[in-house]
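input36.txt, holding compact mmCIF, C-alpha atoms:
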```
# COMPACT_ATOMS: atom_id res chain seq x y z
CA MET A 194 64.19 -42.10 19.92
CA LYS A 195 64.68 -45.88 20.09
CA ASP A 196 67.03 -47.29 22.70
CA ASN A 197 69.89 -49.63 21.75
CA LEU A 198 69.44 -51.97 24.69
CA LEU A 199 70.69 -55.57 24.25
CA CYS A 200 69.15 -58.57 26.00
CA PRO A 201 71.76 -59.91 28.49
CA HIS A 202 70.51 -63.49 27.86
CA CYS A 203 70.33 -63.78 24.06
CA GLY A 204 72.20 -60.62 23.01
CA LYS A 205 69.48 -59.45 20.63
CA PRO A 206 68.23 -55.87 20.55
CA VAL A 207 65.26 -54.93 22.74
CA PHE A 208 63.70 -51.85 21.23
CA ARG A 209 62.03 -49.32 23.42
CA TYR A 210 61.59 -45.61 23.43
CA ARG A 211 64.33 -43.69 25.14
CA ASN A 212 63.44 -40.67 27.22
CA PRO A 213 65.57 -38.04 28.92
CA PHE A 214 66.21 -38.85 32.60
CA PRO A 215 64.31 -36.69 35.10
CA THR A 216 66.54 -35.36 37.90
CA VAL A 217 66.42 -32.71 40.61
CA ASP A 218 69.01 -30.26 41.92
CA ILE A 219 68.71 -28.30 45.13
CA ILE A 220 70.02 -24.85 46.00
CA ILE A 221 70.24 -25.13 49.79
CA GLU A 222 70.40 -21.81 51.62
CA ILE A 223 72.03 -22.16 55.02
CA GLU A 224 72.53 -19.78 57.90
CA CYS A 225 74.78 -20.80 60.71
CA CYS A 226 76.94 -18.82 63.15
CA ALA A 227 78.26 -15.78 61.30
CA SER A 228 78.23 -17.55 57.97
CA ASN A 229 75.50 -17.93 55.38
CA GLY A 230 75.55 -19.07 51.81
CA ILE A 231 74.60 -22.00 49.66
CA VAL A 232 75.71 -25.60 49.99
CA LEU A 233 77.72 -27.21 47.19
CA ILE A 234 79.28 -30.65 47.02
CA LYS A 235 82.55 -31.74 45.43
CA ARG A 236 81.70 -34.74 43.27
CA LYS A 237 83.24 -38.12 44.01
CA ASN A 238 82.47 -39.48 40.52
CA PRO A 239 82.85 -38.02 37.02
CA PRO A 240 82.10 -35.45 35.87
CA HIS A 241 84.30 -34.04 38.63
CA GLY A 242 84.02 -30.57 40.07
CA TRP A 243 81.69 -28.76 42.45
CA ALA A 244 77.96 -29.11 41.98
CA LEU A 245 74.56 -28.60 43.51
CA PRO A 246 73.35 -31.62 45.45
CA GLY A 247 70.92 -33.61 43.31
CA GLY A 248 70.16 -36.83 41.50
CA PHE A 249 67.64 -39.03 39.71
CA VAL A 250 63.92 -39.02 40.41
CA ASP A 251 62.62 -42.52 41.14
CA TYR A 252 59.56 -43.93 39.42
CA GLY A 253 56.60 -43.21 41.70
CA GLU A 254 58.38 -40.40 43.56
CA THR A 255 57.42 -36.73 43.36
CA LEU A 256 60.03 -34.13 42.44
CA GLU A 257 59.64 -32.63 45.91
CA SER A 258 60.32 -35.96 47.68
CA ALA A 259 63.31 -36.59 45.42
CA ALA A 260 64.76 -33.14 46.23
CA ILE A 261 64.41 -33.64 50.00
CA ARG A 262 65.86 -37.18 49.74
CA GLU A 263 68.83 -36.16 47.57
CA ALA A 264 69.65 -33.20 49.83
CA ARG A 265 69.71 -35.53 52.82
CA GLU A 266 71.69 -38.29 51.05
CA GLU A 267 74.46 -36.00 49.81
CA THR A 268 74.72 -33.33 52.52
CA CYS A 269 73.06 -34.97 55.57
CA LEU A 270 70.85 -31.87 55.82
CA ASP A 271 67.11 -31.83 56.33
CA VAL A 272 65.61 -29.13 54.12
CA THR A 273 62.30 -27.41 53.49
CA LEU A 274 61.63 -26.47 49.87
CA THR A 275 60.90 -22.81 49.16
CA CYS A 276 60.12 -22.76 45.44
CA GLN A 277 61.00 -24.19 42.04
CA LEU A 278 63.64 -22.15 40.23
CA GLY A 279 62.95 -23.80 36.89
CA ALA A 280 63.63 -26.80 34.68
CA TYR A 281 66.86 -27.15 32.67
CA SER A 282 67.02 -29.48 29.69
CA ASP A 283 69.87 -28.69 27.30
CA PRO A 284 70.86 -32.14 25.97
CA SER A 285 74.55 -31.27 26.51
CA ARG A 286 74.15 -30.21 30.16
CA ASP A 287 75.35 -33.64 31.35
CA PRO A 288 78.15 -35.29 29.31
CA ARG A 289 76.92 -38.80 30.26
CA HIS A 290 73.34 -38.67 28.98
CA HIS A 291 70.38 -36.38 28.42
CA SER A 292 68.94 -35.40 31.78
CA ILE A 293 66.29 -32.82 32.64
CA SER A 294 66.72 -31.15 36.00
CA VAL A 295 64.00 -29.42 37.98
CA VAL A 296 65.82 -27.08 40.35
CA PHE A 297 64.46 -26.28 43.80
CA VAL A 298 65.44 -23.56 46.26
CA ALA A 299 65.45 -24.85 49.84
CA LYS A 300 66.40 -23.86 53.35
CA ALA A 301 68.34 -26.09 55.70
CA ILE A 302 66.18 -26.68 58.76
CA ALA A 303 67.89 -24.81 61.58
CA HIS A 304 66.35 -26.83 64.39
CA ALA A 305 67.06 -30.18 62.75
CA GLN A 306 69.34 -32.68 64.40
CA ASN A 307 71.84 -32.37 61.57
CA ARG A 308 72.47 -28.64 61.36
CA TRP A 309 75.74 -28.71 59.55
CA PRO A 310 76.34 -30.31 56.14
CA LYS A 311 78.43 -33.46 55.93
CA ALA A 312 79.54 -35.04 52.66
CA ALA A 313 77.98 -38.43 51.93
CA ASP A 314 76.94 -40.70 49.04
CA ASP A 315 78.20 -39.13 45.75
CA ALA A 316 79.78 -36.17 47.61
CA GLU A 317 83.47 -36.22 48.51
CA GLU A 318 83.44 -32.83 50.18
CA VAL A 319 80.86 -30.22 51.06
CA GLY A 320 81.15 -26.47 51.43
CA ILE A 321 79.17 -23.27 51.99
CA PHE A 322 79.73 -20.57 49.40
CA LYS A 323 78.65 -17.03 48.66
CA ALA A 324 77.76 -15.61 45.24
CA HIS A 325 81.05 -13.76 44.83
CA ALA A 326 83.19 -16.74 45.84
CA LEU A 327 81.86 -19.82 44.09
CA PRO A 328 84.34 -22.70 43.68
CA LYS A 329 85.64 -23.84 40.31
CA PRO A 330 85.06 -25.80 38.24
CA LEU A 331 81.29 -26.13 38.54
CA ALA A 332 79.99 -29.31 36.87
CA PHE A 333 77.08 -29.60 34.44
CA ASP A 334 75.17 -26.33 33.78
CA HIS A 335 75.27 -25.40 37.46
CA GLU A 336 77.07 -22.12 36.79
CA LYS A 337 74.12 -21.03 34.63
CA ILE A 338 71.61 -22.31 37.21
CA LEU A 339 73.35 -20.37 39.99
CA ARG A 340 73.51 -17.23 37.83
CA ASP A 341 69.74 -17.52 37.27
CA TYR A 342 69.23 -18.09 41.01
CA PHE A 343 71.28 -15.08 42.15
CA LYS A 344 69.52 -12.92 39.54
CA LYS A 345 65.99 -14.12 40.29
CA CYS A 346 66.27 -14.31 44.04
CA GLY A 347 68.30 -11.09 44.33
CA LYS A 348 70.88 -12.70 46.58
CA LYS A 349 74.07 -10.79 47.12
CA GLY A 350 77.41 -12.36 47.94
CA MET B 8 62.80 -48.93 40.51
CA LYS B 9 63.56 -51.86 38.20
CA ASP B 10 61.53 -52.24 35.02
CA ASN B 11 59.74 -55.49 34.19
CA LEU B 12 60.65 -55.49 30.50
CA LEU B 13 60.76 -58.89 28.73
CA CYS B 14 63.02 -59.67 25.79
CA PRO B 15 60.76 -60.17 22.70
CA HIS B 16 63.21 -62.82 21.36
CA CYS B 17 63.88 -65.11 24.34
CA GLY B 18 61.17 -63.92 26.78
CA LYS B 19 63.58 -63.45 29.66
CA PRO B 20 63.54 -60.36 31.87
CA VAL B 21 65.77 -57.43 30.90
CA PHE B 22 66.37 -55.42 34.04
CA ARG B 23 66.89 -51.71 33.83
CA TYR B 24 66.03 -48.74 35.96
CA ARG B 25 62.66 -47.25 35.35
CA ASN B 26 62.27 -43.49 35.42
CA PRO B 27 59.22 -41.26 35.26
CA PHE B 28 58.50 -40.00 31.73
CA PRO B 29 59.32 -36.34 31.08
CA THR B 30 56.51 -34.49 29.29
CA VAL B 31 55.46 -30.92 28.55
CA ASP B 32 52.09 -29.18 28.59
CA ILE B 33 51.38 -25.79 27.08
CA ILE B 34 48.94 -23.10 28.15
CA ILE B 35 48.43 -21.27 24.86
CA GLU B 36 47.00 -17.77 25.20
CA ILE B 37 45.24 -16.65 22.05
CA GLU B 38 43.67 -13.40 20.95
CA CYS B 39 41.63 -13.35 17.84
CA CYS B 40 38.67 -11.18 16.70
CA ALA B 41 36.63 -10.34 19.80
CA SER B 42 37.61 -13.52 21.55
CA ASN B 43 40.56 -14.36 23.75
CA GLY B 44 41.26 -17.26 26.04
CA ILE B 45 43.33 -20.39 26.27
CA VAL B 46 43.43 -23.29 23.86
CA LEU B 47 42.36 -26.75 25.04
CA ILE B 48 42.04 -29.97 23.09
CA LYS B 49 39.49 -32.76 23.42
CA ARG B 50 41.49 -35.98 23.61
CA LYS B 51 41.07 -38.65 20.95
CA ASN B 52 42.60 -41.38 23.15
CA PRO B 53 42.13 -42.37 26.80
CA PRO B 54 42.11 -40.81 29.27
CA HIS B 55 39.30 -38.90 27.56
CA GLY B 56 38.28 -35.36 28.34
CA TRP B 57 39.63 -31.88 27.64
CA ALA B 58 43.30 -31.19 28.23
CA LEU B 59 46.16 -28.83 27.62
CA PRO B 60 48.09 -29.65 24.46
CA GLY B 61 51.24 -31.56 25.36
CA GLY B 62 53.20 -34.78 25.13
CA PHE B 63 56.47 -36.64 25.63
CA VAL B 64 59.89 -35.00 25.45
CA ASP B 65 62.18 -36.84 23.03
CA TYR B 66 65.70 -37.87 23.97
CA GLY B 67 68.01 -35.06 22.81
CA GLU B 68 65.22 -32.48 22.65
CA THR B 69 64.93 -29.47 24.99
CA LEU B 70 61.73 -28.87 26.92
CA GLU B 71 61.24 -25.67 24.94
CA SER B 72 61.51 -27.44 21.56
CA ALA B 73 59.15 -30.17 22.76
CA ALA B 74 56.57 -27.57 23.86
CA ILE B 75 56.67 -25.71 20.53
CA ARG B 76 56.52 -29.02 18.61
CA GLU B 77 53.61 -30.43 20.64
CA ALA B 78 51.62 -27.18 20.36
CA ARG B 79 52.02 -27.30 16.60
CA GLU B 80 51.25 -31.03 16.31
CA GLU B 81 48.04 -30.91 18.31
CA THR B 82 46.64 -27.44 17.55
CA CYS B 83 48.43 -26.42 14.30
CA LEU B 84 49.45 -23.19 16.07
CA ASP B 85 52.90 -21.65 16.07
CA VAL B 86 53.65 -20.36 19.55
CA THR B 87 56.25 -18.32 21.39
CA LEU B 88 56.94 -19.42 24.95
CA THR B 89 56.50 -16.78 27.66
CA CYS B 90 57.62 -18.59 30.83
CA GLN B 91 57.59 -21.87 32.73
CA LEU B 92 54.62 -22.18 35.07
CA GLY B 93 56.18 -25.10 36.96
CA ALA B 94 56.76 -28.84 37.03
CA TYR B 95 54.05 -31.30 38.15
CA SER B 96 54.97 -34.78 39.26
CA ASP B 97 52.28 -36.45 41.38
CA PRO B 98 52.61 -40.15 40.43
CA SER B 99 48.81 -40.38 40.08
CA ARG B 100 48.47 -37.40 37.72
CA ASP B 101 48.34 -39.74 34.71
CA PRO B 102 46.47 -43.05 35.16
CA ARG B 103 48.66 -44.81 32.55
CA HIS B 104 52.11 -44.26 34.04
CA HIS B 105 54.21 -41.85 36.10
CA SER B 106 54.88 -38.75 34.04
CA ILE B 107 56.44 -35.43 35.06
CA SER B 108 55.14 -32.42 33.18
CA VAL B 109 56.93 -29.10 32.81
CA VAL B 110 54.19 -26.59 31.99
CA PHE B 111 54.85 -23.60 29.74
CA VAL B 112 52.78 -20.48 29.14
CA ALA B 113 52.82 -19.45 25.48
CA LYS B 114 51.25 -17.03 23.05
CA ALA B 115 49.93 -18.06 19.69
CA ILE B 116 51.82 -16.08 17.07
CA ALA B 117 49.30 -13.65 15.61
CA HIS B 118 51.11 -13.08 12.34
CA ALA B 119 51.75 -16.78 11.71
CA GLN B 120 50.25 -18.51 8.71
CA ASN B 121 48.10 -20.67 10.95
CA ARG B 122 46.31 -18.16 13.15
CA TRP B 123 43.45 -20.30 14.26
CA PRO B 124 43.76 -23.64 16.08
CA LYS B 125 42.83 -26.83 14.28
CA ALA B 126 42.66 -30.23 15.96
CA ALA B 127 45.32 -32.70 14.83
CA ASP B 128 47.33 -35.71 16.05
CA ASP B 129 45.96 -36.78 19.48
CA ALA B 130 43.33 -34.01 19.46
CA GLU B 131 39.77 -34.75 18.32
CA GLU B 132 38.52 -31.22 18.84
CA VAL B 133 39.99 -27.90 19.84
CA GLY B 134 38.45 -24.92 21.60
CA ILE B 135 39.21 -21.54 23.14
CA PHE B 136 38.07 -21.13 26.72
CA LYS B 137 38.00 -18.49 29.44
CA ALA B 138 38.74 -19.04 33.14
CA HIS B 139 35.06 -18.95 34.17
CA ALA B 140 33.92 -21.34 31.45
CA LEU B 141 36.36 -24.22 31.30
CA PRO B 142 35.03 -27.44 29.76
CA LYS B 143 34.51 -30.63 31.75
CA PRO B 144 35.94 -33.11 32.42
CA LEU B 145 39.55 -31.95 32.39
CA ALA B 146 41.98 -34.88 32.11
CA PHE B 147 45.09 -35.51 34.24
CA ASP B 148 45.86 -32.77 36.81
CA HIS B 149 45.06 -30.03 34.30
CA GLU B 150 42.36 -28.50 36.50
CA LYS B 151 45.00 -27.92 39.19
CA ILE B 152 47.51 -26.62 36.63
CA LEU B 153 44.96 -24.17 35.25
CA ARG B 154 43.99 -23.04 38.76
CA ASP B 155 47.69 -22.33 39.46
CA TYR B 156 47.98 -20.49 36.13
CA PHE B 157 44.95 -18.24 36.66
CA LYS B 158 46.14 -17.49 40.22
CA LYS B 159 49.78 -16.83 39.29
CA CYS B 160 49.19 -14.95 36.07
CA GLY B 161 46.19 -13.02 37.44
CA LYS B 162 44.05 -13.80 34.43
CA LYS B 163 40.38 -13.07 34.74
CA GLY B 164 37.66 -14.86 32.85
```
Represent the supplied structure as structure tokens.
Amino acid sequence: MKDNLLCPHCGKPVFRYRNPFPTVDIIIEIECCASNGIVLIKRKNPPHGWALPGGFVDYGETLESAAIREAREETCLDVTLTCQLGAYSDPSRDPRHHSISVVFVAKAIAHAQNRWPKAADDAEEVGIFKAHALPKPLAFDHEKILRDYFKKCGKKG
Amino acid sequence: MKDNLLCPHCGKPVFRYRNPFPTVDIIIEIECCASNGIVLIKRKNPPHGWALPGGFVDYGETLESAAIREAREETCLDVTLTCQLGAYSDPSRDPRHHSISVVFVAKAIAHAQNRWPKAADDAEEVGIFKAHALPKPLAFDHEKILRDYFKKCGKKG
């Protein structure tokens, strides 16, 4: 598909192919004190709601590096990646544009300096949730992603 | 990362963020007569060598649709997708640019009209190969992808 980009200098159209945007999302498993669950952020910007930490993959960056970077930027947690859950690409999954998300499962590093999540960057709030008590609304297709995760990884609330 | 795109009308730079290109590759399992194996194509364009069928994901297209479309365009086979093998994103996996490939495993549909692969589009030649007799050279990171596939799916030559 051709892009409808306009030159900011002369205002004429600059044609180029348009591709979906590659992104990552991270399901961060955390164990701390008597509590364990997964880390979700409350989004500062639209679309509002709770969501998995995640974001765009930079040119020249691997998916794995992007996942570790985004987890740190939005939750202040250092994580180790466990596996890929899968890639999600429904064009309507993000109301702003067509993005493709590769979803990783990760563990927060227990001995890291930052052991407890803190909201930062695009996150207004951060929380730890169990399968049976997920917050609402969940943005994007993250409800489906989490359903797939709890089913595949056999996690109980 | 900013793109270094130039306006074709006034020649001035048009800044925009540059993202890796999302692509798909397909490991097509085929059974026919006494032979079974996976379908590889010999590339018409650089980088030359044998490769999995695959290509760019269009804006507005799911990964699954892109995989079925690319399999048909390059091998004339109708396929059903079995699972995702994983996503590969090493920036050096394609010498032309940074692409991210989501790799699918698929079966050629035995009752389809086109039961036998035929080279088309970017493919100069097509062949059916077993694990112990893969052709050389394999382009991109397809040797690694196929190693992962044979290991994960337990396929023997």
Rows by chain and residue number, chain A within 7 Å of chain B, shortest pair, only C-alpha atoms, as a tab-separated table:
```
residue	atom	partner	partner_atom	distance
A:Met194	CA	B:Tyr66	CA	6.0
A:Cys200	CA	B:Val21	CA	6.1
A:Pro201	CA	B:Val21	CA	6.9
A:Cys203	CA	B:Cys17	CA	6.6
A:Val207	CA	B:Cys14	CA	6.1
A:Arg211	CA	B:Tyr66	CA	6.1
A:Asn212	CA	B:Tyr66	CA	4.8
A:Pro213	CA	B:Tyr66	CA	5.0
A:Phe214	CA	B:Asn26	CA	6.7
A:Pro215	CA	B:Pro29	CA	6.4
A:Val250	CA	B:Asn26	CA	6.9
A:Asp251	CA	B:Asn26	CA	5.8
A:Tyr252	CA	B:Asn26	CA	4.9
A:Gly253	CA	B:Pro98	CA	5.2
A:Glu254	CA	B:Pro98	CA	6.6
A:Thr255	CA	B:Ser96	CA	5.2
A:Leu256	CA	B:Ser96	CA	6.0
A:Gly279	CA	B:Gly93	CA	6.9
A:Ser282	CA	B:Thr69	CA	5.1
A:Asp283	CA	B:Thr69	CA	5.5
A:Pro284	CA	B:Gly67	CA	5.2
A:His291	CA	B:Gly67	CA	6.2
```
d(CA of Ala74 (chain B), CA of Ala115 (chain B)) in Å: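 About the pair CA of Ala74 (chain B) and CA of Ala115 (chain B): they are 12.3 Å apart.
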Nearest-residue call for His55 (chain B), choices B:Lys159, B:Asp129, B:Phe111, B:Leu141, using only C-alpha atoms: B:Asp129
Shell of 8 Å around region 261-274 of chain A, all atoms listed in the file, local chain residues under 5 positions omitted, as a ChimeraX atom specification: /A:219,221,234,246-248,297-302,305,307-316,319
After a least-squares superposition on chain B over all sequentially paired C-alpha atoms, what is chain A as a short mmCIF file (atom, residue, chain, number, x, y, z; two decimals) with C-alpha atoms, keeping the file's coordinate frame?
```
data_model
loop_
_atom_site.label_atom_id
_atom_site.label_comp_id
_atom_site.auth_asym_id
_atom_site.auth_seq_id
_atom_site.Cartn_x
_atom_site.Cartn_y
_atom_site.Cartn_z
CA MET A 194 62.80 -48.91 40.53
CA LYS A 195 63.57 -51.85 38.22
CA ASP A 196 61.56 -52.23 35.03
CA ASN A 197 59.75 -55.48 34.20
CA LEU A 198 60.63 -55.47 30.52
CA LEU A 199 60.69 -58.86 28.73
CA CYS A 200 62.94 -59.65 25.78
CA PRO A 201 60.68 -60.13 22.71
CA HIS A 202 63.09 -62.79 21.35
CA CYS A 203 63.75 -65.09 24.33
CA GLY A 204 61.07 -63.89 26.76
CA LYS A 205 63.48 -63.44 29.66
CA PRO A 206 63.48 -60.35 31.86
CA VAL A 207 65.73 -57.43 30.91
CA PHE A 208 66.34 -55.43 34.04
CA ARG A 209 66.85 -51.73 33.83
CA TYR A 210 66.04 -48.76 35.95
CA ARG A 211 62.65 -47.24 35.33
CA ASN A 212 62.28 -43.49 35.41
CA PRO A 213 59.24 -41.24 35.26
CA PHE A 214 58.52 -40.00 31.72
CA PRO A 215 59.33 -36.33 31.08
CA THR A 216 56.51 -34.48 29.29
CA VAL A 217 55.46 -30.91 28.56
CA ASP A 218 52.09 -29.17 28.58
CA ILE A 219 51.39 -25.78 27.07
CA ILE A 220 48.94 -23.10 28.16
CA ILE A 221 48.43 -21.26 24.86
CA GLU A 222 46.99 -17.76 25.20
CA ILE A 223 45.22 -16.66 22.04
CA GLU A 224 43.67 -13.40 20.96
CA CYS A 225 41.60 -13.34 17.84
CA CYS A 226 38.67 -11.18 16.72
CA ALA A 227 36.62 -10.34 19.80
CA SER A 228 37.58 -13.54 21.55
CA ASN A 229 40.54 -14.39 23.75
CA GLY A 230 41.24 -17.27 26.04
CA ILE A 231 43.32 -20.39 26.26
CA VAL A 232 43.43 -23.31 23.86
CA LEU A 233 42.36 -26.76 25.04
CA ILE A 234 42.05 -29.98 23.09
CA LYS A 235 39.51 -32.78 23.44
CA ARG A 236 41.52 -35.99 23.62
CA LYS A 237 41.11 -38.65 20.96
CA ASN A 238 42.64 -41.39 23.14
CA PRO A 239 42.17 -42.36 26.80
CA PRO A 240 42.15 -40.81 29.26
CA HIS A 241 39.33 -38.91 27.55
CA GLY A 242 38.30 -35.38 28.34
CA TRP A 243 39.64 -31.90 27.65
CA ALA A 244 43.31 -31.20 28.23
CA LEU A 245 46.17 -28.84 27.62
CA PRO A 246 48.10 -29.65 24.46
CA GLY A 247 51.26 -31.56 25.36
CA GLY A 248 53.22 -34.77 25.12
CA PHE A 249 56.50 -36.62 25.63
CA VAL A 250 59.91 -35.00 25.45
CA ASP A 251 62.21 -36.82 23.03
CA TYR A 252 65.72 -37.85 23.97
CA GLY A 253 68.03 -35.05 22.82
CA GLU A 254 65.24 -32.46 22.67
CA THR A 255 64.95 -29.46 25.00
CA LEU A 256 61.74 -28.86 26.93
CA GLU A 257 61.25 -25.65 24.97
CA SER A 258 61.52 -27.41 21.57
CA ALA A 259 59.16 -30.14 22.76
CA ALA A 260 56.58 -27.54 23.88
CA ILE A 261 56.68 -25.69 20.54
CA ARG A 262 56.51 -29.00 18.61
CA GLU A 263 53.62 -30.42 20.65
CA ALA A 264 51.64 -27.18 20.37
CA ARG A 265 52.04 -27.29 16.60
CA GLU A 266 51.27 -31.03 16.30
CA GLU A 267 48.05 -30.90 18.31
CA THR A 268 46.64 -27.43 17.55
CA CYS A 269 48.42 -26.42 14.30
CA LEU A 270 49.45 -23.20 16.07
CA ASP A 271 52.89 -21.65 16.07
CA VAL A 272 53.64 -20.35 19.55
CA THR A 273 56.24 -18.31 21.38
CA LEU A 274 56.94 -19.40 24.95
CA THR A 275 56.49 -16.78 27.67
CA CYS A 276 57.60 -18.57 30.83
CA GLN A 277 57.59 -21.85 32.73
CA LEU A 278 54.63 -22.19 35.08
CA GLY A 279 56.17 -25.09 36.97
CA ALA A 280 56.75 -28.83 37.04
CA TYR A 281 54.05 -31.28 38.15
CA SER A 282 54.97 -34.78 39.27
CA ASP A 283 52.29 -36.46 41.38
CA PRO A 284 52.63 -40.15 40.43
CA SER A 285 48.83 -40.40 40.09
CA ARG A 286 48.47 -37.41 37.73
CA ASP A 287 48.35 -39.75 34.70
CA PRO A 288 46.48 -43.07 35.15
CA ARG A 289 48.70 -44.80 32.54
CA HIS A 290 52.15 -44.24 34.04
CA HIS A 291 54.23 -41.84 36.10
CA SER A 292 54.91 -38.74 34.04
CA ILE A 293 56.45 -35.42 35.06
CA SER A 294 55.15 -32.41 33.19
CA VAL A 295 56.93 -29.09 32.82
CA VAL A 296 54.20 -26.58 31.99
CA PHE A 297 54.85 -23.59 29.75
CA VAL A 298 52.78 -20.47 29.15
CA ALA A 299 52.82 -19.44 25.48
CA LYS A 300 51.24 -17.04 23.06
CA ALA A 301 49.91 -18.05 19.67
CA ILE A 302 51.81 -16.07 17.05
CA ALA A 303 49.30 -13.63 15.61
CA HIS A 304 51.12 -13.09 12.33
CA ALA A 305 51.73 -16.78 11.72
CA GLN A 306 50.24 -18.51 8.72
CA ASN A 307 48.08 -20.68 10.96
CA ARG A 308 46.29 -18.17 13.16
CA TRP A 309 43.43 -20.32 14.26
CA PRO A 310 43.75 -23.64 16.10
CA LYS A 311 42.85 -26.84 14.28
CA ALA A 312 42.67 -30.24 15.97
CA ALA A 313 45.32 -32.71 14.83
CA ASP A 314 47.35 -35.72 16.04
CA ASP A 315 45.99 -36.78 19.49
CA ALA A 316 43.34 -34.01 19.46
CA GLU A 317 39.80 -34.76 18.30
CA GLU A 318 38.54 -31.24 18.83
CA VAL A 319 40.01 -27.91 19.84
CA GLY A 320 38.46 -24.95 21.61
CA ILE A 321 39.21 -21.55 23.15
CA PHE A 322 38.06 -21.14 26.74
CA LYS A 323 37.98 -18.51 29.44
CA ALA A 324 38.71 -19.05 33.14
CA HIS A 325 35.05 -18.96 34.17
CA ALA A 326 33.92 -21.36 31.44
CA LEU A 327 36.37 -24.24 31.29
CA PRO A 328 35.03 -27.48 29.75
CA LYS A 329 34.54 -30.66 31.74
CA PRO A 330 35.94 -33.12 32.41
CA LEU A 331 39.56 -31.96 32.38
CA ALA A 332 42.00 -34.89 32.10
CA PHE A 333 45.08 -35.51 34.24
CA ASP A 334 45.86 -32.77 36.82
CA HIS A 335 45.08 -30.03 34.31
CA GLU A 336 42.38 -28.51 36.51
CA LYS A 337 45.01 -27.92 39.20
CA ILE A 338 47.52 -26.62 36.63
CA LEU A 339 44.96 -24.16 35.25
CA ARG A 340 44.00 -23.04 38.77
CA ASP A 341 47.69 -22.33 39.46
CA TYR A 342 47.97 -20.50 36.13
CA PHE A 343 44.94 -18.25 36.66
CA LYS A 344 46.15 -17.49 40.20
CA LYS A 345 49.78 -16.82 39.29
CA CYS A 346 49.19 -14.96 36.07
CA GLY A 347 46.19 -13.02 37.42
CA LYS A 348 44.07 -13.83 34.40
CA LYS A 349 40.39 -13.12 34.69
CA GLY A 350 37.68 -14.95 32.78
#
```
Å distance separating CA of Ala146 (chain B) from CA of Asp218 (chain A), one decimal place: 29.1 Å
Excluding Glu336 (chain A) and any residue of its chain fewer than 5 positions from it, enumerate the residues within 10 Å of it, using only C-alpha atoms, and give them as a compact mmCIF listing (two decimals) with C-alpha atoms, in the frame of the given file.
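selection-v3.txt, freshly written:
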```txt
# COMPACT_ATOMS: atom_id res chain seq x y z
CA TRP A 243 81.69 -28.76 42.45
CA ALA A 244 77.96 -29.11 41.98
CA LEU A 245 74.56 -28.60 43.51
CA LEU A 327 81.86 -19.82 44.09
CA LYS A 329 85.64 -23.84 40.31
CA PRO A 330 85.06 -25.80 38.24
CA LEU A 331 81.29 -26.13 38.54
CA ASP A 341 69.74 -17.52 37.27
CA TYR A 342 69.23 -18.09 41.01
```
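The smallest atom-to-atom distance between Lys237 (chain A) and any of A:Glu224, A:Asp287, A:Ile338, A:Glu318, using all atoms listed in the file, is found for A:Glu318.
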Pairwise distance for CA of Val232 (chain A) and CA of Gly320 (chain A), rounded to one decimal in Å: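 Between CA of Val232 (chain A) and CA of Gly320 (chain A) the gap works out to 5.7 Å.
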Sphere at (77.5, -35.9, 34.4), radius 7 Å, counting only C-alpha atoms: residues as an MDAnalysis selection string: chainID A and resid 239:240 287:289 333
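Taking only C-alpha atoms into account, Pro142 (chain B) lies nearest to B:Ile45 out of the set B:Ile37, B:Cys160, B:Ile45, B:Val31.
Distances to Arg286 (chain A) were evaluated for A:Lys344, A:Arg236, A:His335, A:His325 using all atoms listed in the file, and the minimum falls at A:His335.
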